[in-house]
Each structure stands twice: as structure tokens, then as C-alpha cells.
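Engineer: Just one file: run-v8.pdb, with PDB, C-alpha atoms and all ligand atoms.
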```pdb
ATOM      1  CA  MET A  28     -23.798 125.807 156.852
ATOM      2  CA  PRO A  29     -26.534 128.447 156.347
ATOM      3  CA  HIS A  30     -29.299 127.274 154.002
ATOM      4  CA  PRO A  31     -29.730 129.603 150.978
ATOM      5  CA  GLU A  32     -33.238 130.358 152.270
ATOM      6  CA  THR A  33     -31.583 132.362 155.023
ATOM      7  CA  TRP A  34     -29.415 134.472 152.739
ATOM      8  CA  LEU A  35     -31.550 134.875 149.580
ATOM      9  CA  LYS A  36     -34.449 137.239 150.206
ATOM     10  CA  ALA A  37     -37.468 138.143 148.074
ATOM     11  CA  LEU A  38     -37.661 141.928 148.471
ATOM     12  CA  PRO A  39     -39.950 144.379 146.612
ATOM     13  CA  ALA A  40     -37.084 145.250 144.226
ATOM     14  CA  GLY A  41     -36.437 141.563 143.523
ATOM     15  CA  LEU A  42     -34.367 138.617 144.683
ATOM     16  CA  TYR A  43     -31.656 139.895 147.038
ATOM     17  CA  CYS A  44     -28.457 138.117 148.038
ATOM     18  CA  GLU A  45     -27.907 139.595 151.484
ATOM     19  CA  PRO A  46     -24.268 138.648 152.228
ATOM     20  CA  GLY A  47     -23.323 139.777 148.704
ATOM     21  CA  GLY A  48     -25.316 143.011 148.837
ATOM     22  CA  PHE A  49     -26.707 142.559 145.313
ATOM     23  CA  PHE A  50     -30.012 141.900 143.565
ATOM     24  CA  ILE A  51     -30.549 139.431 140.713
ATOM     25  CA  ASP A  52     -32.638 140.840 137.827
ATOM     26  CA  PRO A  53     -34.195 143.536 140.049
ATOM     27  CA  VAL A  54     -37.433 145.119 138.827
ATOM     28  CA  ARG A  55     -36.290 148.637 139.748
ATOM     29  CA  ALA A  56     -33.001 150.533 139.719
ATOM     30  CA  VAL A  57     -30.656 149.405 142.521
ATOM     31  CA  ASP A  58     -27.023 149.930 143.595
ATOM     32  CA  ARG A  59     -25.754 146.486 142.625
ATOM     33  CA  ALA A  60     -27.448 144.174 140.135
ATOM     34  CA  VAL A  61     -26.465 140.852 138.637
ATOM     35  CA  VAL A  62     -28.402 140.475 135.372
ATOM     36  CA  THR A  63     -29.122 137.027 133.884
ATOM     37  CA  HIS A  64     -30.005 138.235 130.366
ATOM     38  CA  ALA A  65     -30.989 141.281 128.362
ATOM     39  CA  HIS A  66     -34.767 140.755 127.980
ATOM     40  CA  SER A  67     -36.632 143.789 129.296
ATOM     41  CA  ASP A  68     -38.337 141.914 132.133
ATOM     42  CA  HIS A  69     -34.905 140.976 133.527
ATOM     43  CA  ALA A  70     -32.607 143.848 132.496
ATOM     44  CA  ARG A  71     -34.025 147.154 133.727
ATOM     45  CA  PRO A  72     -32.306 150.476 133.197
ATOM     46  CA  GLY A  73     -30.615 152.670 135.758
ATOM     47  CA  HIS A  74     -28.630 150.388 138.079
ATOM     48  CA  ALA A  75     -25.469 151.908 139.582
ATOM     49  CA  ALA A  76     -23.438 148.726 139.002
ATOM     50  CA  VAL A  77     -24.216 145.759 136.762
ATOM     51  CA  LEU A  78     -22.467 142.405 136.679
ATOM     52  CA  ALA A  79     -23.347 140.247 133.650
ATOM     53  CA  SER A  80     -21.877 138.354 130.704
ATOM     54  CA  ALA A  81     -20.155 140.496 128.053
ATOM     55  CA  GLU A  82     -22.904 139.635 125.537
ATOM     56  CA  THR A  83     -25.689 140.601 127.933
ATOM     57  CA  LEU A  84     -24.014 143.947 128.606
ATOM     58  CA  ALA A  85     -23.555 144.552 124.862
ATOM     59  CA  LEU A  86     -27.259 143.850 124.284
ATOM     60  CA  MET A  87     -28.203 146.060 127.256
ATOM     61  CA  ARG A  88     -26.134 148.947 125.859
ATOM     62  CA  ALA A  89     -27.880 148.564 122.480
ATOM     63  CA  ARG A  90     -31.314 148.479 124.102
ATOM     64  CA  LEU A  91     -30.909 150.938 126.981
ATOM     65  CA  GLY A  92     -28.026 153.158 125.910
ATOM     66  CA  GLU A  93     -24.602 153.309 127.539
ATOM     67  CA  ALA A  94     -25.907 155.065 130.664
ATOM     68  CA  GLY A  95     -28.985 152.864 131.041
ATOM     69  CA  ALA A  96     -26.919 149.679 131.059
ATOM     70  CA  GLY A  97     -25.268 150.601 134.374
ATOM     71  CA  ARG A  98     -22.829 153.321 135.446
ATOM     72  CA  VAL A  99     -20.308 150.629 136.359
ATOM     73  CA  GLN A 100     -20.394 147.563 134.111
ATOM     74  CA  GLN A 101     -18.478 144.427 135.028
ATOM     75  CA  THR A 102     -18.352 141.409 132.727
ATOM     76  CA  LEU A 103     -17.749 137.810 133.732
ATOM     77  CA  ALA A 104     -16.679 135.015 131.390
ATOM     78  CA  TRP A 105     -18.404 131.631 131.837
ATOM     79  CA  GLY A 106     -17.134 130.018 135.030
ATOM     80  CA  GLU A 107     -14.958 132.964 136.039
ATOM     81  CA  ALA A 108     -15.613 133.600 139.731
ATOM     82  CA  VAL A 109     -15.562 136.870 141.673
ATOM     83  CA  THR A 110     -16.179 137.589 145.309
ATOM     84  CA  VAL A 111     -18.957 140.092 145.931
ATOM     85  CA  GLY A 112     -19.275 140.953 149.608
ATOM     86  CA  GLU A 113     -18.931 137.549 151.257
ATOM     87  CA  VAL A 114     -20.277 135.570 148.301
ATOM     88  CA  ARG A 115     -18.479 133.793 145.487
ATOM     89  CA  VAL A 116     -20.366 134.469 142.267
ATOM     90  CA  TRP A 117     -19.999 132.986 138.798
ATOM     91  CA  LEU A 118     -22.105 132.601 135.655
ATOM     92  CA  ALA A 119     -23.030 129.455 133.724
ATOM     93  CA  PRO A 120     -24.760 129.446 130.304
ATOM     94  CA  ALA A 121     -28.582 129.266 130.391
ATOM     95  CA  GLY A 122     -29.136 128.511 126.671
ATOM     96  CA  HIS A 123     -32.003 131.038 126.424
ATOM     97  CA  VAL A 124     -30.679 133.958 124.307
ATOM     98  CA  LEU A 125     -27.209 135.329 123.514
ATOM     99  CA  GLY A 126     -25.318 135.897 126.778
ATOM    100  CA  SER A 127     -28.048 134.416 128.978
ATOM    101  CA  ALA A 128     -26.689 133.135 132.270
ATOM    102  CA  GLN A 129     -27.549 131.265 135.394
ATOM    103  CA  VAL A 130     -26.145 132.958 138.479
ATOM    104  CA  ALA A 131     -24.295 130.603 140.813
ATOM    105  CA  MET A 132     -23.607 131.795 144.358
ATOM    106  CA  GLU A 133     -21.665 130.186 147.142
ATOM    107  CA  TYR A 134     -21.772 131.381 150.734
ATOM    108  CA  ARG A 135     -20.240 129.554 153.694
ATOM    109  CA  GLY A 136     -20.415 126.175 152.010
ATOM    110  CA  SER A 137     -23.938 126.325 150.581
ATOM    111  CA  ARG A 138     -24.668 126.977 146.930
ATOM    112  CA  ALA A 139     -27.690 128.463 145.153
ATOM    113  CA  VAL A 140     -28.273 128.828 141.409
ATOM    114  CA  VAL A 141     -30.757 131.320 139.949
ATOM    115  CA  SER A 142     -31.596 130.238 136.418
ATOM    116  CA  GLY A 143     -33.298 133.244 134.892
ATOM    117  CA  ASP A 144     -35.006 131.988 131.727
ATOM    118  CA  TYR A 145     -33.394 128.917 130.236
ATOM    119  CA  LYS A 146     -33.860 126.152 127.740
ATOM    120  CA  ARG A 147     -32.069 122.888 127.200
ATOM    121  CA  VAL A 148     -32.576 122.303 123.469
ATOM    122  CA  ALA A 149     -29.646 123.299 121.277
ATOM    123  CA  ASP A 150     -29.698 126.871 119.956
ATOM    124  CA  PRO A 151     -27.037 127.895 117.408
ATOM    125  CA  THR A 152     -27.149 131.516 118.599
ATOM    126  CA  CYS A 153     -26.056 131.032 122.212
ATOM    127  CA  ALA A 154     -24.007 128.840 124.541
ATOM    128  CA  GLY A 155     -25.882 125.721 125.653
ATOM    129  CA  PHE A 156     -27.441 125.264 129.105
ATOM    130  CA  GLU A 157     -24.979 123.848 131.621
ATOM    131  CA  PRO A 158     -26.339 122.220 134.764
ATOM    132  CA  VAL A 159     -24.639 123.355 137.974
ATOM    133  CA  ALA A 160     -24.913 121.185 141.094
ATOM    134  CA  CYS A 161     -26.449 123.203 143.932
ATOM    135  CA  ASP A 162     -28.417 123.087 147.170
ATOM    136  CA  VAL A 163     -31.196 125.363 145.907
ATOM    137  CA  PHE A 164     -32.242 126.001 142.298
ATOM    138  CA  VAL A 165     -34.430 129.055 141.667
ATOM    139  CA  THR A 166     -36.227 128.632 138.336
ATOM    140  CA  GLU A 167     -38.589 130.490 136.047
ATOM    141  CA  ALA A 168     -41.577 128.445 134.877
ATOM    142  CA  THR A 169     -43.029 130.106 131.779
ATOM    143  CA  PHE A 170     -44.239 126.919 130.104
ATOM    144  CA  ALA A 171     -44.565 124.574 133.084
ATOM    145  CA  LEU A 172     -48.118 123.431 132.262
ATOM    146  CA  PRO A 173     -48.329 119.962 130.663
ATOM    147  CA  VAL A 174     -50.038 121.392 127.535
ATOM    148  CA  PHE A 175     -46.744 122.994 126.539
ATOM    149  CA  VAL A 176     -44.951 120.177 124.778
ATOM    150  CA  HIS A 177     -42.962 121.930 122.095
ATOM    151  CA  PRO A 178     -42.163 120.197 118.797
ATOM    152  CA  PRO A 179     -38.546 120.142 117.571
ATOM    153  CA  PRO A 180     -37.752 123.605 116.138
ATOM    154  CA  ASP A 181     -36.371 122.235 112.848
ATOM    155  CA  GLN A 182     -39.779 120.656 112.209
ATOM    156  CA  GLU A 183     -41.456 124.075 112.589
ATOM    157  CA  ILE A 184     -38.867 125.685 110.293
ATOM    158  CA  ARG A 185     -39.584 122.956 107.731
ATOM    159  CA  ARG A 186     -43.304 123.914 107.838
ATOM    160  CA  LEU A 187     -42.330 127.514 107.120
ATOM    161  CA  LEU A 188     -40.019 126.576 104.239
ATOM    162  CA  ASP A 189     -42.661 124.193 102.814
ATOM    163  CA  SER A 190     -45.175 127.032 102.862
ATOM    164  CA  VAL A 191     -42.682 129.309 101.079
ATOM    165  CA  SER A 192     -42.256 126.754  98.280
ATOM    166  CA  LEU A 193     -46.002 126.149  98.127
ATOM    167  CA  PHE A 194     -46.790 129.884  97.755
ATOM    168  CA  PRO A 195     -43.850 131.279  95.766
ATOM    169  CA  ASP A 196     -45.693 134.522  94.965
ATOM    170  CA  ARG A 197     -46.650 135.394  98.519
ATOM    171  CA  THR A 198     -44.527 137.157 101.148
ATOM    172  CA  HIS A 199     -44.115 135.247 104.393
ATOM    173  CA  VAL A 200     -44.187 137.716 107.279
ATOM    174  CA  VAL A 201     -43.006 136.038 110.467
ATOM    175  CA  GLY A 202     -43.607 137.719 113.810
ATOM    176  CA  CYS A 203     -40.837 137.249 116.374
ATOM    177  CA  TYR A 204     -39.400 139.091 119.343
ATOM    178  CA  SER A 205     -36.428 141.279 118.491
ATOM    179  CA  LEU A 206     -33.999 139.787 120.994
ATOM    180  CA  GLY A 207     -33.338 136.080 120.775
ATOM    181  CA  LYS A 208     -36.261 134.670 118.811
ATOM    182  CA  CYS A 209     -35.434 136.702 115.709
ATOM    183  CA  GLN A 210     -31.779 135.616 115.549
ATOM    184  CA  ARG A 211     -32.616 132.007 116.429
ATOM    185  CA  LEU A 212     -35.170 131.915 113.583
ATOM    186  CA  ILE A 213     -32.560 133.250 111.176
ATOM    187  CA  ALA A 214     -29.993 130.649 112.307
ATOM    188  CA  LEU A 215     -32.588 127.862 112.090
ATOM    189  CA  LEU A 216     -33.586 128.987 108.580
ATOM    190  CA  ARG A 217     -29.913 128.859 107.563
ATOM    191  CA  GLN A 218     -29.580 125.367 109.053
ATOM    192  CA  GLY A 219     -32.749 124.388 107.194
ATOM    193  CA  GLY A 220     -31.093 125.341 103.906
ATOM    194  CA  TRP A 221     -32.504 128.864 103.308
ATOM    195  CA  ASP A 222     -29.479 130.760 102.024
ATOM    196  CA  GLY A 223     -31.287 133.632 100.304
ATOM    197  CA  PRO A 224     -31.657 137.052 101.878
ATOM    198  CA  ILE A 225     -33.841 137.458 104.956
ATOM    199  CA  TRP A 226     -35.680 140.759 105.211
ATOM    200  CA  LEU A 227     -36.079 142.610 108.485
ATOM    201  CA  HIS A 228     -38.489 145.141 109.918
ATOM    202  CA  GLY A 229     -36.290 148.038 111.116
ATOM    203  CA  ALA A 230     -37.075 147.303 114.780
ATOM    204  CA  LEU A 231     -35.165 144.012 114.554
ATOM    205  CA  ALA A 232     -31.963 145.305 112.989
ATOM    206  CA  SER A 233     -30.019 146.602 116.000
ATOM    207  CA  MET A 234     -30.220 143.362 118.005
ATOM    208  CA  CYS A 235     -29.055 141.424 114.928
ATOM    209  CA  GLU A 236     -26.059 143.762 114.723
ATOM    210  CA  VAL A 237     -25.055 142.945 118.313
ATOM    211  CA  TYR A 238     -25.362 139.212 117.635
ATOM    212  CA  ARG A 239     -23.122 139.620 114.606
ATOM    213  CA  ALA A 240     -20.590 141.680 116.560
ATOM    214  CA  CYS A 241     -20.525 138.837 119.105
ATOM    215  CA  GLY A 242     -19.656 136.363 116.342
ATOM    216  CA  VAL A 243     -23.063 134.795 115.562
ATOM    217  CA  GLU A 244     -23.328 134.056 111.823
ATOM    218  CA  LEU A 245     -26.664 135.254 110.359
ATOM    219  CA  GLY A 246     -26.042 135.487 106.600
ATOM    220  CA  ALA A 247     -27.465 138.193 104.319
ATOM    221  CA  LEU A 248     -30.000 140.460 106.058
ATOM    222  CA  HIS A 249     -31.765 143.390 104.385
ATOM    223  CA  LEU A 250     -34.214 146.012 105.571
ATOM    224  CA  ALA A 251     -37.698 145.300 104.232
ATOM    225  CA  ALA A 252     -38.371 149.040 103.985
ATOM    226  CA  ALA A 253     -35.652 149.301 101.312
ATOM    227  CA  ALA A 254     -37.155 146.545  99.122
ATOM    228  CA  SER A 255     -39.215 147.080  96.007
ATOM    229  CA  LYS A 256     -42.577 145.309  96.097
ATOM    230  CA  GLY A 257     -41.411 142.759  93.522
ATOM    231  CA  GLU A 258     -38.365 141.823  95.588
ATOM    232  CA  LEU A 259     -40.533 140.634  98.463
ATOM    233  CA  LYS A 260     -42.430 138.128  96.309
ATOM    234  CA  GLY A 261     -41.667 134.724  97.818
ATOM    235  CA  ALA A 262     -39.465 136.378 100.442
ATOM    236  CA  ILE A 263     -39.223 135.761 104.178
ATOM    237  CA  VAL A 264     -39.700 138.926 106.219
ATOM    238  CA  LEU A 265     -39.247 139.043 109.996
ATOM    239  CA  ALA A 266     -41.121 141.641 112.030
ATOM    240  CA  PRO A 267     -42.070 142.319 115.666
ATOM    241  CA  PRO A 268     -45.263 140.471 116.680
ATOM    242  CA  GLY A 269     -47.129 143.782 116.900
ATOM    243  CA  SER A 270     -46.473 144.593 113.236
ATOM    244  CA  ILE A 271     -47.479 141.372 111.487
ATOM    245  CA  ALA A 272     -51.188 142.061 111.268
ATOM    246  CA  ASP A 273     -51.129 145.842 110.861
ATOM    247  CA  ARG A 274     -50.655 148.237 107.971
ATOM    248  CA  TRP A 275     -46.964 147.496 107.822
ATOM    249  CA  SER A 276     -47.476 143.928 106.586
ATOM    250  CA  ARG A 277     -50.496 144.736 104.402
ATOM    251  CA  ARG A 278     -48.058 146.515 102.066
ATOM    252  CA  MET A 279     -46.562 143.121 101.318
ATOM    253  CA  GLU A 280     -47.504 140.893  98.422
ATOM    254  CA  ASP A 281     -50.532 138.818  99.616
ATOM    255  CA  PRO A 282     -48.768 138.070 102.917
ATOM    256  CA  VAL A 283     -48.826 134.748 104.745
ATOM    257  CA  VAL A 284     -48.816 135.854 108.381
ATOM    258  CA  ALA A 285     -46.778 133.592 110.675
ATOM    259  CA  LEU A 286     -45.817 133.982 114.317
ATOM    260  CA  ALA A 287     -43.003 132.160 116.109
ATOM    261  CA  SER A 288     -43.750 131.694 119.797
ATOM    262  CA  GLY A 289     -44.148 129.015 122.438
ATOM    263  CA  TRP A 290     -47.643 130.439 122.901
ATOM    264  CA  MET A 291     -48.597 129.275 119.406
ATOM    265  CA  ARG A 292     -49.182 125.893 121.038
ATOM    266  CA  VAL A 293     -52.500 127.469 122.083
ATOM    267  CA  ARG A 294     -54.530 127.552 118.848
ATOM    268  CA  GLN A 295     -56.945 130.195 120.051
ATOM    269  CA  ARG A 296     -54.053 132.637 120.475
ATOM    270  CA  ALA A 297     -52.999 132.162 116.876
ATOM    271  CA  LYS A 298     -56.547 132.572 115.614
ATOM    272  CA  SER A 299     -57.266 135.698 117.623
ATOM    273  CA  ARG A 300     -54.103 137.348 116.255
ATOM    274  CA  GLY A 301     -54.933 136.536 112.641
ATOM    275  CA  VAL A 302     -52.004 134.161 112.311
ATOM    276  CA  GLU A 303     -52.302 131.834 109.326
ATOM    277  CA  LEU A 304     -49.115 129.878 110.053
ATOM    278  CA  PRO A 305     -48.421 129.469 113.792
ATOM    279  CA  LEU A 306     -44.873 128.247 114.501
ATOM    280  CA  VAL A 307     -44.380 126.680 117.926
ATOM    281  CA  ILE A 308     -40.844 127.783 118.718
ATOM    282  CA  SER A 309     -40.042 128.524 122.336
ATOM    283  CA  ASP A 310     -36.979 129.946 124.024
ATOM    284  CA  HIS A 311     -38.085 128.582 127.354
ATOM    285  CA  GLY A 312     -37.299 125.061 128.511
ATOM    286  CA  ARG A 313     -39.982 122.669 129.574
ATOM    287  CA  LYS A 314     -39.648 122.119 133.324
ATOM    288  CA  ARG A 315     -40.448 118.769 134.847
TER     289      ARG A 315
HETATM  290 ZN    ZN A 401     -36.025 135.957 128.651
END
```
Would you write the structure of this file as C-alpha cells?

Structural biologist:
Amino acid sequence: MPHPETWLKALPAGLYCEPGGFFIDPVRAVDRAVVTHAHSDHARPGHAAVLASAETLALMRARLGEAGAGRVQQTLAWGEAVTVGEVRVWLAPAGHVLGSAQVAMEYRGSRAVVSGDYKRVADPTCAGFEPVACDVFVTEATFALPVFVHPPPDQEIRRLLDSVSLFPDRTHVVGCYSLGKCQRLIALLRQGGWDGPIWLHGALASMCEVYRACGVELGALHLAAAASKGELKGAIVLAPPGSIADRWSRRMEDPVVALASGWMRVRQRAKSRGVELPLVISDHGRKR
């Protein structure tokens, strides 16, 4: 039984499954790619063939265009297996963002799982992490340092909603990444009892549309650019992290600047970015 070390290779283009003839999340365009999820550091444009979950491919098409998402696109449902070259391949949910998958591979009796990014806490916007027994587990380790103990997300959402009731005349501008964090924040706000409109910076709208098309309930969303100044009093506005402290948010009514990120655990990061209300919400699991 060949150990996965002998058939999984770290090449310049990325992790390569030799008997299958495919790369996993390659960093440059290749002939055959299996893509764990649609974040830009995992899903690059220009592959000839892409195998991924249907949701990941939908997000890739929205981000990269039809051509950029792969000339040949093949979707796999959770647990549905295909044979690629000499390797049996299937996907299991990674719980990270919509469509995010772990790639399970079996070759001559040995099994490897490549996690991509994952988290194990419940997330209403994607299928939950499913452990897969394997001989070798290849994992990302974004927040592996002991300092990164993340509080429960509903507690962070409560801090945001408390601040909104404390400052009913101010606009809360919350920085969040457009794919995953944004939609999770919206779902968490809904779970926390916020049923009013949520306003979006235009850069966040297209990913929300894909989530909706994939059946994720987000409630009433409006473009902040279309709001009158009065309408944003006491409102919650989501924007990309790069926009929260610039001219875009200074148009708002005495904004409270918040940022939702696992990195907000590091106070200095919040301070240096002018964040008044850091929200420690991570889409990466804590590895032990
Ligand atoms: Zn990711």
C-alpha cells in the first residue's frame, strides 16, 4: 500500500496528486485542478479543467467570469465519488464558506484528505465540517498559535447589536470580506434578532446574490449607495475591510467603525486600522 507521501507531491504550481494527474488549489493555471473553495488564494483563474462543488463553481464564475472558472467545469455533490486517473476522488464539507470542501483521495488502499481552509463551529451559510478517516490529513493552519482562542460568534454579534442600541443615531460600518464573512455576518445578525434591512457596499452584492441563488436565506439587503443620509442613521452597513476607514464611510452619519476578523484578536491590529469595535469572528478553525 503506497503511503500518500509517495503519490502527493509539492510542486511549484501546488500540491499535485501524481496518479490522478491533478493539482489541488494550484497557485497558477494548470490542466486539471480540484478546487477546495472559491477564495482567491485557492481558486485561481485559467485552469483547463476544474472539479469542485457546485457552489464553489458558481462563486468562481461570479468572481472570475465564465471563462476564468475553467474551460471544463465538473461538479461533485458531497460524497459522490469519481475516478480521476487511478485515484478515487470525493468531496466532504469543510464548513469554511459556501461550497467549501475537503478533498478525499484514495489510491491503492491508502487515503489522503486535503482540508483547504475549514472550521468546525456551526455556520448557517454552509454545510458543516465532516471528519473523514484517512491515513494522511493535509491541513491549513491560519490561526494555529495559542493566542487565537476565538469567542463564540453569537457573543460578538451581541456586542455589535448592543452598540447599535447604545448609539441609535450613528451608522455602524462593519468591515468584512466579500465572500463568506459577509454572508455569515448577515446570517448571524438574523439569528441574533436583527430583522431590519442590512446595507451593503456595492463590492459585496454579487457574492450575496450567489449565496441567495444557492438557497442561503439573507433577508432584506439594500445598497448603501442608494440610501439617503437619514436612512443610514442607526443602520448596519457592511463594507470591504479596505473601505471602512476611507472616504466611503466618512459619508456616513458619525460612523462606528467595526471589523469582523479572526485577526481582531490582536488588539494592535484593530487600533492601527482605526477600528472602534473589533469583532473576533473567524472562518478558520482552531487546530490542536
Ligand atoms: Zn478560505

Engineer: Of the candidates A:Leu306, A:Ser205, A:Val293, A:Ala240, which one gets nearest to A:Gly269 if we count all atoms listed in the file?

Structural biologist: A:Ser205

Engineer: Give the residue list for ligand ZN 401 (chain A) at 8 Å, counting only C-alpha atoms and all ligand atoms, as a ChimeraX atom specification, sorted by chain and then by residue number.

Structural biologist: /A:64-69,123-124,143-145,310-311

Engineer: Between A:Pro151, A:Asp162, A:Gly41, A:Phe49, single out the one closest to A:Thr110, counting only C-alpha atoms.

Structural biologist: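 Answer, going by the shortest atom-to-atom distance: A:Phe49.
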
Engineer: How many Å separate atom CA of A:Val61 from atom CA of A:Gln129?

Structural biologist: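 Separation of atom CA of A:Val61 and atom CA of A:Gln129: 10.2 Å.
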
Engineer: So that I can see what lies close to A:Ile263, please list as a ChimeraX atom specification the residues with an atom at most 7 Å from it, counting only C-alpha atoms and leaving out residues fewer than 3 positions away in the same chain.

Structural biologist: /A:198-200,225-226

Engineer: One number please: atom CA of A:Arg90 to atom CA of A:Ser288, in Å, one decimal.

Structural biologist: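 We find that atom CA of A:Arg90 and atom CA of A:Ser288 lie 21.3 Å from each other.
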
Engineer: Would you mind telling me which residue in A:Ala40, A:Val130, A:Val114, A:Leu215 lies nearest to A:Leu78 when using all atoms listed in the file?

Structural biologist: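 Nearest to A:Leu78: A:Val130.
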
Engineer: Smallest atom-to-atom distance to A:Leu248: which of A:Met28, A:Leu188, A:Cys161, A:Cys209, using all atoms listed in the file?

Structural biologist: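 Of the candidates, the smallest distance to A:Leu248 is held by A:Cys209.
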
Engineer: Separation of atom CA of A:Ser142 and atom CA of A:Val159, in Å?

Structural biologist: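 Atom CA of A:Val159 lies 9.9 Å from atom CA of A:Ser142.
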
Engineer: Can you tell me, as a list in words, what residues are no more than 12 Å from A:Pro180 when counting only C-alpha atoms, ignoring any on the same chain fewer than 5 positions away?

Structural biologist: Val148, Ala149, Asp150, Pro151, Arg185, Arg186, Leu187, Lys208, Arg211, Leu212, Ala214, Leu215, Leu216, Gln218, Gly219, Ala287, Ser288, Gly289, Leu306, Val307, Ile308, Ser309 and Asp310 of chain A

Engineer: At most 12 Å from (-32.6, 151.7, 124.8), file frame, all atoms listed in the file: which residues, as a tab-separated table (two decimals) with C-alpha atoms, in the coordinates of the input?

Structural biologist:
```tsv
chain	number	residue	atom	x	y	z
A	65	ALA	CA	-30.99	141.28	128.36
A	66	HIS	CA	-34.77	140.76	127.98
A	67	SER	CA	-36.63	143.79	129.30
A	70	ALA	CA	-32.61	143.85	132.50
A	71	ARG	CA	-34.02	147.15	133.73
A	72	PRO	CA	-32.31	150.48	133.20
A	73	GLY	CA	-30.62	152.67	135.76
A	85	ALA	CA	-23.56	144.55	124.86
A	86	LEU	CA	-27.26	143.85	124.28
A	87	MET	CA	-28.20	146.06	127.26
A	88	ARG	CA	-26.13	148.95	125.86
A	89	ALA	CA	-27.88	148.56	122.48
A	90	ARG	CA	-31.31	148.48	124.10
A	91	LEU	CA	-30.91	150.94	126.98
A	92	GLY	CA	-28.03	153.16	125.91
A	93	GLU	CA	-24.60	153.31	127.54
A	94	ALA	CA	-25.91	155.06	130.66
A	95	GLY	CA	-28.98	152.86	131.04
A	96	ALA	CA	-26.92	149.68	131.06
A	230	ALA	CA	-37.08	147.30	114.78
A	233	SER	CA	-30.02	146.60	116.00
A	234	MET	CA	-30.22	143.36	118.00
```

Engineer: With distances taken over all atoms listed in the file, which of A:Phe156, A:Trp34, A:Tyr204, A:Phe50 is nearest to A:His74?

Structural biologist: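 Closest to A:His74, using all atoms listed in the file: A:Phe50.
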
Engineer: Rank nothing, just name the residue among A:Ala121, A:Leu103, A:Val109, A:Val165 nearest to A:Lys36, using all atoms listed in the file.

Structural biologist: A:Val165

Engineer: Report as a list in words the full result of the PyMOL selection byres (((chain A and resi 135) around 12) and not hetatm) when it is applied to this structure.

Structural biologist: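 Going through the file, the PyMOL selection byres (((chain A and resi 135) around 12) and not hetatm) ends up selecting Met28, Pro29, His30, Pro31, Thr33, Trp34, Pro46, Gly47, Glu113, Val114, Arg115, Met132, Glu133, Tyr134, Gly136, Ser137, Arg138 and Ala139 of chain A.
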
Engineer: Residues picked by the PyMOL selection byres (((chain A and resi 106) around 10) and not hetatm) here, as a list in words?

Structural biologist: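 Residues picked by the PyMOL selection byres (((chain A and resi 106) around 10) and not hetatm): Leu103, Ala104, Trp105, Glu107, Ala108, Val109, Val116, Trp117, Leu118, Ala119, Pro120 and Ala131 of chain A.
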
Engineer: Name all residues at most 12 Å from A:Val283 (count all atoms listed in the file; drop same-chain ones fewer than 5 positions away) and give them as a PyMOL selection string.

Structural biologist: chain A and resi 187+190-191+193-202+259-265+271-272+276-277+301-305

Engineer: Kindly provide, as a list in words, the polymer residues lying within 10 Å of (-36.2, 140.4, 142.8), counting all atoms listed in the file and using the coordinates exactly as they appear in the file.

Structural biologist: Leu35, Lys36, Ala37, Leu38, Pro39, Ala40, Gly41, Leu42, Tyr43, Cys44, Phe50, Ile51, Asp52, Pro53, Val54, Arg55, Ala60 and His69 of chain A

Engineer: With a distance cut-off of 9 Å and all atoms listed in the file, select the neighbouring residues of A:Arg217, excluding the residue or stretch itself and same-chain residues fewer than 5 positions from it, and output the selection as a list in words.

Structural biologist: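 Residues near the query, excluding close chain neighbours: Leu212, Asp222, Gly223, Leu245 and Gly246 of chain A.
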